[in-house]
Each structure stands twice: as C-alpha cells, then as structure tokens.
>>> print(open('protein_31.txt').read())   # compact mmCIF, C-alpha atoms
# COMPACT_ATOMS: atom_id res chain seq x y z
CA MET A 19 -0.37 -22.70 -23.05
CA LEU A 20 2.97 -22.56 -21.27
CA GLN A 21 4.81 -23.71 -24.40
CA ILE A 22 3.18 -20.97 -26.47
CA GLU A 23 4.11 -18.45 -23.81
CA ILE A 24 7.75 -19.62 -23.70
CA LYS A 25 7.94 -19.06 -27.47
CA LEU A 26 6.48 -15.58 -27.03
CA ILE A 27 8.90 -14.77 -24.21
CA LYS A 28 11.83 -15.69 -26.47
CA SER A 29 10.71 -13.22 -29.13
CA LYS A 30 12.45 -9.85 -29.68
CA LYS A 31 9.18 -8.02 -29.10
CA PHE A 32 9.13 -9.39 -25.57
CA ILE A 33 12.82 -9.23 -24.66
CA LEU A 34 13.41 -5.58 -25.59
CA PRO A 35 10.64 -4.10 -23.37
CA ALA A 36 11.64 -6.55 -20.63
CA VAL A 37 15.23 -5.26 -20.71
CA ILE A 38 14.02 -1.64 -20.53
CA LEU A 39 11.73 -2.63 -17.67
CA PHE A 40 14.64 -4.31 -15.89
CA LEU A 41 16.72 -1.13 -16.10
CA VAL A 42 13.86 1.00 -14.79
CA LEU A 43 13.24 -1.42 -11.93
CA LEU A 44 16.94 -1.42 -11.15
CA PHE A 45 16.81 2.36 -10.82
CA LEU A 46 13.72 2.16 -8.59
CA ALA A 47 15.45 -0.43 -6.41
CA PHE A 48 18.49 1.83 -6.20
CA THR A 49 16.36 4.76 -4.93
CA ASN A 50 14.82 2.51 -2.25
CA TYR A 51 18.25 1.32 -1.11
CA TRP A 52 19.50 4.90 -1.16
CA VAL A 53 16.67 6.10 1.13
CA GLY A 54 17.07 3.10 3.46
CA ALA A 55 20.85 3.07 3.68
CA LYS A 56 21.72 6.77 3.44
CA SER A 57 18.73 8.70 4.81
CA LYS A 58 17.51 6.21 7.40
CA GLU A 59 20.97 4.71 8.04
CA LEU A 60 19.63 1.15 8.07
CA GLU A 61 21.74 -1.90 7.44
CA GLY A 62 21.56 -5.70 7.21
CA ALA A 63 18.19 -7.28 8.04
CA ASN A 64 16.60 -3.90 8.88
CA LEU A 65 17.53 -2.54 5.47
CA ALA A 66 16.23 -5.71 3.79
CA ALA A 67 12.91 -5.38 5.67
CA PHE A 68 12.68 -1.69 4.74
CA VAL A 69 13.29 -2.17 1.01
CA SER A 70 11.00 -5.19 0.79
CA THR A 71 8.16 -3.24 2.44
CA LYS A 72 8.77 -0.36 0.04
CA ALA A 73 8.80 -2.76 -2.92
CA THR A 74 5.56 -4.49 -1.96
CA GLN A 75 3.75 -1.16 -1.48
CA SER A 76 5.00 0.46 -4.68
CA THR A 77 2.36 1.73 -7.09
CA ILE A 78 5.02 2.74 -9.64
CA LEU A 79 5.74 -0.95 -10.18
CA ALA A 80 2.08 -1.42 -11.08
CA LEU A 81 2.19 1.57 -13.42
CA PHE A 82 5.10 0.00 -15.31
CA PHE A 83 3.29 -3.32 -15.36
CA LEU A 84 0.28 -1.54 -16.83
CA PHE A 85 2.43 -0.06 -19.63
CA TRP A 86 4.17 -3.36 -20.21
CA MET A 87 0.96 -5.39 -20.41
CA LEU A 88 -0.75 -2.74 -22.47
CA GLN A 89 1.97 -2.59 -25.14
CA PHE A 90 2.32 -6.39 -25.16
CA SER A 91 -1.42 -6.98 -25.42
CA ILE A 92 -1.76 -4.37 -28.20
CA HIS A 93 1.17 -5.98 -30.01
CA LEU A 94 -0.47 -9.42 -29.79
CA GLN A 95 -3.72 -7.95 -31.11
CA ASN A 96 -2.17 -6.03 -34.00
CA SER A 97 0.18 -8.83 -35.03
CA GLY A 98 -2.82 -11.13 -35.35
CA PHE A 99 -1.60 -13.56 -32.68
CA TYR A 100 -4.99 -14.00 -31.00
CA LYS A 101 -6.66 -14.15 -34.42
CA MET A 102 -4.30 -16.98 -35.35
CA LEU A 103 -5.21 -18.92 -32.20
CA VAL A 104 -8.91 -18.59 -33.02
CA LEU A 105 -8.27 -19.67 -36.62
CA PHE A 106 -6.38 -22.71 -35.33
CA GLY A 107 -9.57 -23.76 -33.63
CA TRP A 108 -9.26 -22.29 -30.14
CA LEU A 109 -12.64 -21.61 -28.57
CA ARG A 110 -13.15 -18.05 -27.35
CA LYS A 111 -13.65 -19.49 -23.88
CA LYS A 112 -10.16 -20.97 -24.10
CA LEU A 113 -8.78 -17.63 -25.27
CA PHE A 114 -10.28 -15.97 -22.19
CA ILE A 115 -8.63 -18.56 -19.94
CA TYR A 116 -5.37 -18.10 -21.84
CA ASN A 117 -5.50 -14.33 -21.21
CA ILE A 118 -6.03 -14.89 -17.49
CA PHE A 119 -3.06 -17.27 -17.55
CA GLN A 120 -0.94 -14.67 -19.36
CA ILE A 121 -1.75 -11.95 -16.80
CA GLY A 122 -0.94 -14.30 -13.91
CA LEU A 123 2.33 -15.40 -15.50
CA TYR A 124 3.53 -11.89 -16.37
CA ALA A 125 2.64 -10.54 -12.93
CA LEU A 126 4.80 -13.33 -11.50
CA LEU A 127 7.61 -12.55 -13.96
CA LEU A 128 7.53 -8.89 -12.99
CA LEU A 129 7.80 -9.77 -9.30
CA LEU A 130 10.77 -12.04 -10.09
CA LEU A 131 12.40 -9.32 -12.19
CA ASN A 132 11.89 -6.84 -9.37
CA TYR A 133 13.37 -9.28 -6.85
CA LEU A 134 16.35 -9.78 -9.16
CA CYS A 135 16.99 -6.01 -9.19
CA PHE A 136 16.84 -5.82 -5.40
CA ALA A 137 19.01 -8.94 -5.11
CA VAL A 138 21.69 -7.52 -7.44
CA LEU A 139 21.88 -4.23 -5.53
CA SER A 140 21.74 -5.92 -2.12
CA PHE A 141 25.45 -6.83 -2.37
CA PHE A 142 26.38 -3.14 -2.64
CA TYR A 143 24.44 -2.17 0.49
CA GLY A 144 25.56 -4.71 3.06
CA THR A 145 22.63 -7.07 2.82
CA ASN A 146 21.98 -10.14 0.62
CA PRO A 147 19.24 -11.89 -1.42
CA VAL A 148 18.54 -14.42 1.34
CA GLN A 149 17.97 -11.67 3.90
CA LEU A 150 15.60 -10.05 1.41
CA ILE A 151 13.49 -13.23 1.26
CA PHE A 152 13.43 -13.81 5.02
CA ASN A 153 12.55 -10.20 5.78
CA SER A 154 9.72 -9.96 3.26
CA GLU A 155 6.14 -9.99 4.46
CA ILE A 156 4.42 -12.90 2.71
CA ASN A 157 1.00 -11.20 2.87
CA GLY A 158 2.51 -8.07 1.36
CA LEU A 159 3.95 -10.06 -1.55
CA LEU A 160 0.64 -11.82 -2.18
CA SER A 161 -1.20 -8.49 -2.04
CA GLN A 162 1.26 -7.05 -4.55
CA TYR A 163 0.65 -10.03 -6.84
CA PHE A 164 -3.16 -9.60 -6.66
CA TYR A 165 -2.82 -5.88 -7.30
CA LEU A 166 -0.63 -6.48 -10.34
CA PHE A 167 -3.11 -9.07 -11.57
CA ALA A 168 -6.01 -6.60 -11.33
CA ILE A 169 -3.98 -3.94 -13.16
CA GLY A 170 -2.97 -6.49 -15.83
CA LEU A 171 -6.61 -7.43 -16.30
CA PHE A 172 -7.42 -3.77 -17.00
CA ALA A 173 -4.51 -3.52 -19.47
CA VAL A 174 -5.56 -6.61 -21.43
CA PHE A 175 -9.16 -5.41 -21.53
CA VAL A 176 -8.06 -2.04 -22.93
CA GLY A 177 -5.86 -3.90 -25.43
CA TYR A 178 -8.90 -5.82 -26.72
CA VAL A 179 -11.21 -2.85 -26.99
CA TRP A 180 -8.78 -0.25 -28.39
CA PRO A 181 -5.69 -2.00 -29.80
CA ASN A 182 -3.74 1.20 -30.42
CA TYR A 183 -0.41 2.22 -28.82
CA ILE A 184 -1.63 5.81 -28.44
CA LEU A 185 -3.99 4.48 -25.74
CA ILE A 186 -1.03 4.32 -23.34
CA LEU A 187 -1.17 8.12 -23.02
CA PRO A 188 -4.84 8.55 -21.95
CA VAL A 189 -4.49 5.57 -19.61
CA PHE A 190 -1.49 7.26 -17.99
CA ILE A 191 -3.34 10.58 -17.75
CA TYR A 192 -6.32 8.84 -16.14
CA TRP A 193 -3.95 7.15 -13.65
CA LEU A 194 -2.52 10.55 -12.63
CA PHE A 195 -5.90 12.30 -12.70
CA GLU A 196 -7.60 9.82 -10.39
CA GLY A 197 -4.77 10.02 -7.87
CA TRP A 198 -4.83 13.81 -8.03
CA ILE A 199 -8.62 14.03 -7.56
CA ASN A 200 -8.44 11.69 -4.59
CA ASN A 201 -5.63 13.71 -2.97
CA PHE A 202 -7.49 16.94 -3.64
CA LEU A 203 -10.70 15.66 -2.03
CA VAL A 204 -8.86 14.40 1.03
CA LYS A 205 -6.55 17.35 1.55
CA ARG A 206 -8.90 20.16 0.58
CA PHE A 207 -12.27 18.90 1.83
CA GLU A 208 -11.31 15.99 4.11
CA LEU A 209 -13.55 13.71 2.01
CA ASP A 210 -12.40 10.16 1.53
CA PHE A 211 -14.88 8.84 -1.04
CA GLY A 212 -12.11 9.01 -3.66
CA LYS A 213 -11.12 5.61 -2.30
CA TYR A 214 -14.09 4.17 -4.21
CA PHE A 215 -12.63 5.20 -7.59
CA PRO A 216 -11.55 2.17 -9.65
CA LEU A 217 -7.75 2.55 -9.47
CA GLN A 218 -7.76 4.00 -5.95
CA SER A 219 -9.85 1.17 -4.55
CA THR A 220 -7.68 -1.44 -6.28
CA GLN A 221 -4.61 0.31 -4.88
CA GLN A 222 -5.91 -0.36 -1.38
CA ILE A 223 -4.93 -4.01 -1.84
CA ILE A 224 -1.33 -2.95 -1.27
CA SER A 225 -1.65 0.31 0.64
CA GLU A 226 -3.77 -0.97 3.52
CA THR A 227 -2.40 -3.45 6.02
CA ILE A 228 -5.83 -4.94 6.58
CA LEU A 229 -8.83 -4.41 4.32
CA ASN A 230 -12.35 -4.03 5.71
CA TYR A 231 -15.39 -5.69 4.13
CA THR A 232 -16.44 -2.57 2.19
CA GLN A 233 -12.99 -2.35 0.62
CA ILE A 234 -13.02 -6.04 -0.34
CA LEU A 235 -16.51 -5.64 -1.79
CA THR A 236 -15.50 -2.58 -3.85
CA ILE A 237 -12.36 -4.31 -5.16
CA GLY A 238 -14.44 -7.42 -5.89
CA ILE A 239 -17.04 -5.44 -7.87
CA TYR A 240 -14.38 -3.74 -10.04
CA ALA A 241 -12.50 -7.01 -10.60
CA SER A 242 -15.74 -8.82 -11.53
CA LEU A 243 -16.66 -6.07 -13.98
CA LEU A 244 -13.24 -6.39 -15.60
CA PHE A 245 -13.57 -10.17 -15.89
CA VAL A 246 -17.05 -9.81 -17.40
CA PHE A 247 -16.06 -7.02 -19.84
CA LEU A 248 -12.90 -8.86 -20.91
CA ASN A 249 -14.94 -11.97 -21.58
CA LEU A 250 -17.57 -10.00 -23.49
CA SER A 251 -14.96 -8.21 -25.61
CA ILE A 252 -13.39 -11.58 -26.50
CA GLN A 253 -16.82 -13.02 -27.36
CA LYS A 254 -17.78 -10.07 -29.54
CA LYS A 255 -14.42 -9.39 -31.22
CA MET A 256 -14.33 -9.88 -34.99
CA PHE A 257 -11.15 -11.90 -35.34
CA VAL A 258 -11.70 -12.73 -39.00
CA MET B 10 -24.14 -18.83 -20.23
CA LYS B 11 -21.33 -16.54 -21.28
CA LEU B 12 -21.05 -15.14 -17.75
CA LYS B 13 -20.29 -18.44 -16.03
CA LEU B 14 -16.53 -18.29 -16.58
CA PRO B 15 -15.93 -14.63 -15.63
CA ILE B 16 -18.09 -15.05 -12.54
CA PHE B 17 -16.10 -18.13 -11.57
CA TYR B 18 -12.79 -16.25 -11.94
CA SER B 19 -14.19 -13.24 -10.08
CA LEU B 20 -15.18 -15.46 -7.17
CA VAL B 21 -11.72 -17.09 -7.16
CA PHE B 22 -10.08 -13.65 -7.17
CA ILE B 23 -12.27 -12.30 -4.34
CA THR B 24 -11.75 -15.49 -2.33
CA LEU B 25 -7.96 -15.25 -2.69
CA ILE B 26 -7.91 -11.58 -1.67
CA SER B 27 -10.18 -12.28 1.31
CA ALA B 28 -8.11 -15.29 2.37
CA ASN B 29 -4.90 -13.27 2.19
CA ASN B 30 -6.58 -10.50 4.16
CA GLU B 31 -7.82 -12.88 6.86
CA TRP B 32 -4.35 -14.40 7.09
CA ALA B 33 -2.77 -10.94 7.45
CA LYS B 34 -5.38 -10.04 10.06
CA HIS B 35 -4.71 -13.22 12.01
CA ARG B 36 -0.95 -12.64 11.95
CA THR B 37 -1.30 -8.99 13.01
CA TYR B 38 -3.80 -9.62 15.81
CA SER B 39 -2.01 -12.69 17.12
CA PHE B 40 1.07 -10.48 17.48
CA TYR B 41 -1.00 -7.95 19.44
CA GLN B 42 -2.81 -10.58 21.50
CA ASN B 43 0.50 -12.06 22.59
CA ALA B 44 1.63 -8.64 23.75
CA GLU B 45 2.28 -8.43 27.50
CA ASN B 46 0.42 -5.13 27.79
CA GLN B 47 -1.16 -2.37 25.68
CA ALA B 48 2.08 -0.44 25.32
CA GLN B 49 4.31 -3.31 24.17
CA PRO B 50 3.49 -3.18 20.41
CA ILE B 51 4.16 0.58 20.47
CA ARG B 52 7.47 0.08 22.27
CA GLU B 53 8.41 -2.65 19.75
CA GLU B 54 7.85 -0.19 16.88
CA LEU B 55 9.91 2.46 18.68
CA LYS B 56 12.77 0.01 19.12
CA LYS B 57 12.88 -0.51 15.35
CA ASP B 58 13.43 3.21 14.74
CA LYS B 59 17.03 4.36 14.82
CA PHE B 60 16.27 7.74 16.40
CA LEU B 61 13.54 6.60 18.78
CA SER B 62 14.93 3.30 20.07
CA ASP B 63 16.38 5.04 23.15
CA GLU B 64 12.93 6.40 24.02
CA ALA B 65 11.18 3.00 23.88
CA GLY B 66 11.35 2.57 27.67
CA ALA B 67 9.57 5.84 28.59
CA VAL B 68 7.06 5.32 31.43
CA THR B 69 4.52 7.72 29.92
CA LEU B 70 3.69 7.75 26.23
CA VAL B 71 1.67 10.66 24.88
CA ILE B 72 0.55 9.64 21.41
CA ASN B 73 -1.04 11.73 18.71
CA LEU B 74 -2.43 10.23 15.48
CA TRP B 75 -2.58 12.88 12.79
CA ALA B 76 -2.27 13.79 9.10
CA THR B 77 -1.07 16.91 7.29
CA TRP B 78 -4.42 17.23 5.45
CA CYS B 79 -6.41 17.16 8.70
CA GLY B 80 -7.41 20.72 9.65
CA PRO B 81 -8.07 20.08 13.36
CA CYS B 82 -4.67 18.32 13.61
CA GLN B 83 -2.99 21.51 12.37
CA LYS B 84 -4.83 23.63 14.95
CA GLU B 85 -3.71 21.25 17.66
CA ILE B 86 0.04 21.54 16.98
CA PRO B 87 0.73 24.72 19.06
CA LYS B 88 -1.32 23.29 21.94
CA LEU B 89 0.60 20.03 21.88
CA ASN B 90 3.85 22.02 21.72
CA GLU B 91 2.83 23.77 24.94
CA LEU B 92 2.29 20.39 26.60
CA VAL B 93 5.68 19.22 25.33
CA ASN B 94 7.41 22.27 26.85
CA LYS B 95 5.61 21.71 30.13
CA TYR B 96 5.82 17.94 30.59
CA GLU B 97 8.45 16.34 28.37
CA ASN B 98 11.24 14.67 30.31
CA GLU B 99 13.20 11.41 30.25
CA ASN B 100 10.14 9.45 31.45
CA THR B 101 7.61 11.09 29.13
CA LEU B 102 7.67 10.69 25.39
CA PHE B 103 5.49 12.76 23.07
CA LEU B 104 5.01 10.95 19.80
CA ALA B 105 3.01 11.79 16.67
CA ILE B 106 2.21 8.96 14.24
CA THR B 107 1.08 9.42 10.66
CA ASP B 108 0.65 7.13 7.67
CA GLU B 109 2.14 9.74 5.34
CA LYS B 110 5.64 9.73 3.87
CA GLU B 111 8.44 11.40 5.79
CA ASP B 112 9.47 13.64 2.86
CA ASP B 113 5.89 14.82 2.29
CA VAL B 114 5.42 15.62 5.98
CA LEU B 115 8.77 17.46 6.23
CA ASP B 116 7.95 19.49 3.12
CA TRP B 117 4.61 20.38 4.67
CA ILE B 118 6.22 21.34 8.00
CA ASP B 119 8.60 23.72 6.20
CA LEU B 120 5.59 25.76 5.12
CA GLN B 121 3.99 25.94 8.58
CA LYS B 122 4.11 28.69 11.17
CA ASN B 123 4.02 26.18 14.03
CA GLU B 124 6.50 23.36 13.78
CA PRO B 125 5.70 20.24 15.85
CA GLU B 126 8.22 19.94 18.69
CA TYR B 127 7.58 16.27 19.42
CA PHE B 128 8.94 13.04 17.95
CA MET B 129 7.37 11.58 14.83
CA LEU B 130 6.84 8.19 13.25
CA PHE B 131 6.01 8.16 9.55
CA GLU B 132 4.27 5.67 7.23
CA ASN B 133 3.18 3.38 10.04
CA LYS B 134 -0.32 2.16 9.20
CA ARG B 135 0.06 -0.99 11.24
CA LEU B 136 0.71 0.97 14.42
CA ILE B 137 -2.13 3.40 13.67
CA ASN B 138 -4.50 0.45 13.20
CA TYR B 139 -3.31 -0.96 16.50
CA VAL B 140 -3.79 2.32 18.37
CA PHE B 141 -7.40 2.45 17.10
CA THR B 142 -8.01 -1.04 18.43
CA ILE B 143 -7.05 -0.08 22.00
CA ASN B 144 -9.73 2.60 22.16
CA PRO B 145 -11.58 1.85 25.42
CA ASP B 146 -14.79 3.18 23.83
CA LYS B 147 -15.83 0.26 21.66
CA GLN B 148 -18.71 2.28 20.17
CA ILE B 149 -16.32 4.27 18.03
CA LYS B 150 -15.63 2.42 14.83
CA LYS B 151 -12.10 1.40 14.08
CA GLY B 152 -10.32 2.73 11.04
CA ARG B 153 -8.52 5.76 9.70
CA ALA B 154 -11.45 7.85 8.54
CA PRO B 155 -10.76 11.63 8.58
CA GLU B 156 -13.34 12.24 11.32
CA LEU B 157 -11.25 10.11 13.70
CA LEU B 158 -8.24 12.43 13.48
CA PRO B 159 -6.62 13.74 15.55
CA THR B 160 -6.63 10.96 18.13
CA ASN B 161 -4.74 11.55 21.36
CA LEU B 162 -3.97 9.03 24.05
CA ILE B 163 -1.82 8.77 27.12
CA ILE B 164 -0.34 5.48 28.22
CA HIS B 165 1.10 5.39 31.71
CA ASN B 166 2.66 2.30 33.29
CA ASP B 167 1.62 0.34 30.17
CA GLN B 168 -2.10 1.14 30.59
CA VAL B 169 -4.24 3.52 28.52
CA ILE B 170 -5.42 6.21 30.94
CA TYR B 171 -6.64 8.79 28.43
CA TYR B 172 -8.11 8.34 24.92
CA GLU B 173 -9.96 11.02 22.95
CA GLN B 174 -10.74 11.56 19.28
CA GLY B 175 -11.14 14.98 17.67
CA TYR B 176 -9.67 18.35 18.64
CA SER B 177 -11.09 20.68 21.26
CA GLU B 178 -9.74 23.01 23.95
CA ASP B 179 -11.44 20.75 26.51
CA ASN B 180 -9.52 17.71 25.32
CA ILE B 181 -6.22 19.56 25.57
CA ALA B 182 -7.17 20.75 29.09
CA LYS B 183 -7.97 17.14 30.04
CA MET B 184 -4.59 15.97 28.72
CA ASP B 185 -2.91 18.75 30.68
CA SER B 186 -4.64 17.69 33.87
CA VAL B 187 -3.82 13.97 33.35
CA LEU B 188 -0.15 14.75 32.69
CA ASN B 189 -0.09 17.11 35.65
CA LYS B 190 -1.45 14.36 37.91
CA ILE B 191 1.15 11.88 36.62
CA GLN B 192 4.08 14.17 37.20
CA ASN B 193 3.06 15.59 40.56
>>> encode(input="protein_31.txt", output="structure tokens")
Amino acid sequence: MLQIEIKLIKSKKFILPAVILFLVLLFLAFTNYWVGAKSKELEGANLAAFVSTKATQSTILALFFLFWMLQFSIHLQNSGFYKMLVLFGWLRKKLFIYNIFQIGLYALLLLLLNYLCFAVLSFFYGTNPVQLIFNSEINGLLSQYFYLFAIGLFAVFVGYVWPNYILILPVFIYWLFEGWINNFLVKRFELDFGKYFPLQSTQQIISETILNYTQILTIGIYASLLFVFLNLSIQKKMFV
Amino acid sequence: MKLKLPIFYSLVFITLISANNEWAKHRTYSFYQNAENQAQPIREELKKDKFLSDEAGAVTLVINLWATWCGPCQKEIPKLNELVNKYENENTLFLAITDEKEDDVLDWIDLQKNEPEYFMLFENKRLINYVFTINPDKQIKKGRAPELLPTNLIIHNDQVIYYEQGYSEDNIAKMDSVLNKIQN
C-alpha cells in the first residue's frame, strides 16, 4: 500500500495541490506569528507555545484538509484508480482498509507540512523549530490528528458517493452554515445543542481541553456512521 | 458480515480518542493536584500573560467567568465596574476570564454602553475548567454550559471564600460585603 501511495504522491496531480496547500499554510502560519509576536509581544519559547497552541486548535487547517482530500478522492474516482485496483483483484474489504490508510497518511502529511511552514517562519521571529517541538502539547497534536482523520473520512465518503468537483462548493457552504447556526443558537438564544451537529461535535476534539463522556459518545457515533457508510458505498459501488 | 470491519475501526478510533482524552485529563489534573493551594494555577496563568504578570501576586483575586453571548453577564458589567471602583487596589485584582477570542471580545466591547473596567484573560478554556472544579458546591455539575455563566468567585489568602453562579443583585451585594470585610 505504501509503495502505491509513494507513486501517487510523486504524480503531478498530487504535487500541484500540495504546493498550493503549502503556500496557504505558510500564510496561515505567518498570521499566527504576526499575532503572537506583534500584538501579544511574545518571543522565544512563549511565542513557540502560542503558535503551536493556535496551530493545534485551528479549524481552517481542517477545512483545507477537507478540500484537499475531497479533490484528491474525486480525482482517484474519476481517473479510474480505485476501479483499476478492483480489476487487479483487490477485495473491496482491502480497498476499504486502503482508504483508511490513505486518510491516516495524508492527515500525517498535512501535519508535517504545517510544521514545516511554522519551522520555516520560526527563524524570522526569534524562535526555532526545536522550540516549536518542545513547546507543543502532545495531546493537542494527537487531537488535531484525530480531528483531521474524521474530516478526511467524511471527504473520502463524499468522494465515493458523488465523485464530482462541484461538490466542494455545497460541502463548503454546509461547513459555514453549521458554524453559523451554532453561533446563532448560542448567542441569540443561549442554547448549546448546536454542539451535537456533525461538524460541530467533531470540532470539539480540538476545541475542548477535556471531553466529557457525552461528547466522546457523540463523536463516536458520527465517526462510526462514517466508517459504516464508507464501507457500504465501497461494497455497493459499480466499479465495472 | 459487512459491518465487522467498520465497527472494528470505529472502536479503534473511539478508543484512541478516549485514551488521548484520559491522558490529557491526567496531565491537567496532576498539574492541579500538585498545586500548593487553590490560587496557584490561576497565578501561574497570570504569570504567563505579559500584561498581567505583575498582578499575579495579588492577595485577593476577584474572578468572573463570562461570555459575550451571555445576557446575564452583560447585565453584570456595570455592577462589577462599581465594585472595581470601590475595592480595586494593589492587593486586589479583578479578573474576567472568557474562552472567546480577544479580537471578538474587543469588537463586542466597542459596541457596548458599559465597558468592563477590569482585567481580562481571553481564550483560556483550561483555566475556566479549573475554576469550575474548585466550586465548593459539588452538586453543581462541572462544565461550561450557558446556565453556569456568569460565575463569580473571590479568593483571599489562596482560599476560595466566595463562589456563586448566575447573576442577581443579591450575589453582587454578597460580593460587596465580602470585599468590604476583607478590606476593613
């Protein structure tokens, strides 16, 4: 699986979006450094701790991951890549495992890419990549990874069901709409049940320091549904 | 048995999230449990803030947990301002803590008639969680549900001597009397 993935990563269809993503992440990292160093006047280890906390709690990173995974998954569908694997004798069960592997790998790659952006800019703001590592909260990083994984799972599922690039737009609108509804309910009516919406509840993985059992259960239910629906869509897909 | 595999992965995912959560909980609470007194974690957070580090040693801490979207918290602002004018000195720090972003809060304040006159800490969920855990009334559930805001407490000589949730004239009067007792 890893060898197949390395071949995919070397392809132009992967490198070009990755370069765009890198530039966007670099800009996001720059804004975090700007706030930390200029507005809050932090420096050294304090600045490193500030930017790493910001990075691990960023939902924008997940939004870009969603776009990235969505376009990549749709590309693999439309180019007949998954179809080819099935024709070469892969069982659908193996394809499901391969998709899980892909999501895990790309979530890790995104975190590395993000770290690279912060590491590059660290030299311009009086800190360094080592300080960034030692001032990062390990639980925060793991939470960010799980959050990205859940978002990636959603993207791949959408890619299987509706393999069309136009889908990126409604997904983006839904992302904004859910956040807006939740904010509206909280600020206007002081109701917090918006936290049970799919994206909002998943977002709690990174936004809460400590999750309670209801939050874990809600996240677990949504994640399980995604695993089940992804598996079902792979089982039922007409590859030939 | 098409569900076996997704259920297996779901369980792995939930287990990993729970394990990470338990680990985070353990690390957070072990930090609090090792604290010398109830005020130490709050003072540690103050020391980290550039503008509040000088205030970390205040003998009396008057803490308000609030949010811009919380109606009762808004009503409370002028009352708290009165207390600030009456009791704030080098030994008494009035501090409001919120989990919202600094820019959002400042934008909100610009639109208000009554501007808070006390110090503020922004985006500090960890400290808010901690302050809920030191509630002497264990019946009240811990968390950041809207009905628990505003929360006001007074810490004097590193001990919680006043802790109330929700806004009322009575609560403000109680705070006034506690602060009056401390300073006279």
>>> interface_residues(input="protein_31.txt", of="chain B", to="chain A", cutoff="6 Å", atoms="all atoms listed in the file", output="list of chain:residue names")
B:Pro15, B:Ser19, B:Ile23, B:Ala33, B:Trp78
>>> atom_distance(input="protein_31.txt", atom1="CA of Leu128 (chain A)", atom2="CA of Ile169 (chain A)")
12.5 Å
>>> closest_residue(input="protein_31.txt", among="B:Leu92, B:Glu31, B:Asn100, B:Glu111", to="Asp63 (chain B)", atoms="all atoms listed in the file")
B:Asn100
>>> residues_around(input="protein_31.txt", residues="Ala66 (chain A)", least_positions_apart="6", cutoff="7 Å", atoms="only C-alpha atoms", output="list in words")
Thr145, Gln149, Leu150 and Asn153 of chain A
>>> atom_distance(input="protein_31.txt", atom1="CA of Trp86 (chain A)", atom2="CA of Phe152 (chain A)")
28.8 Å
>>> atom_distance(input="protein_31.txt", atom1="CA of Leu136 (chain B)", atom2="CA of Ala105 (chain B)")
11.3 Å
>>> residues_around(input="protein_31.txt", residues="Leu166 (chain A)", least_positions_apart="5", cutoff="8 Å", atoms="all atoms listed in the file", output="PyMOL selection string")
chain A and resi 80+83+125
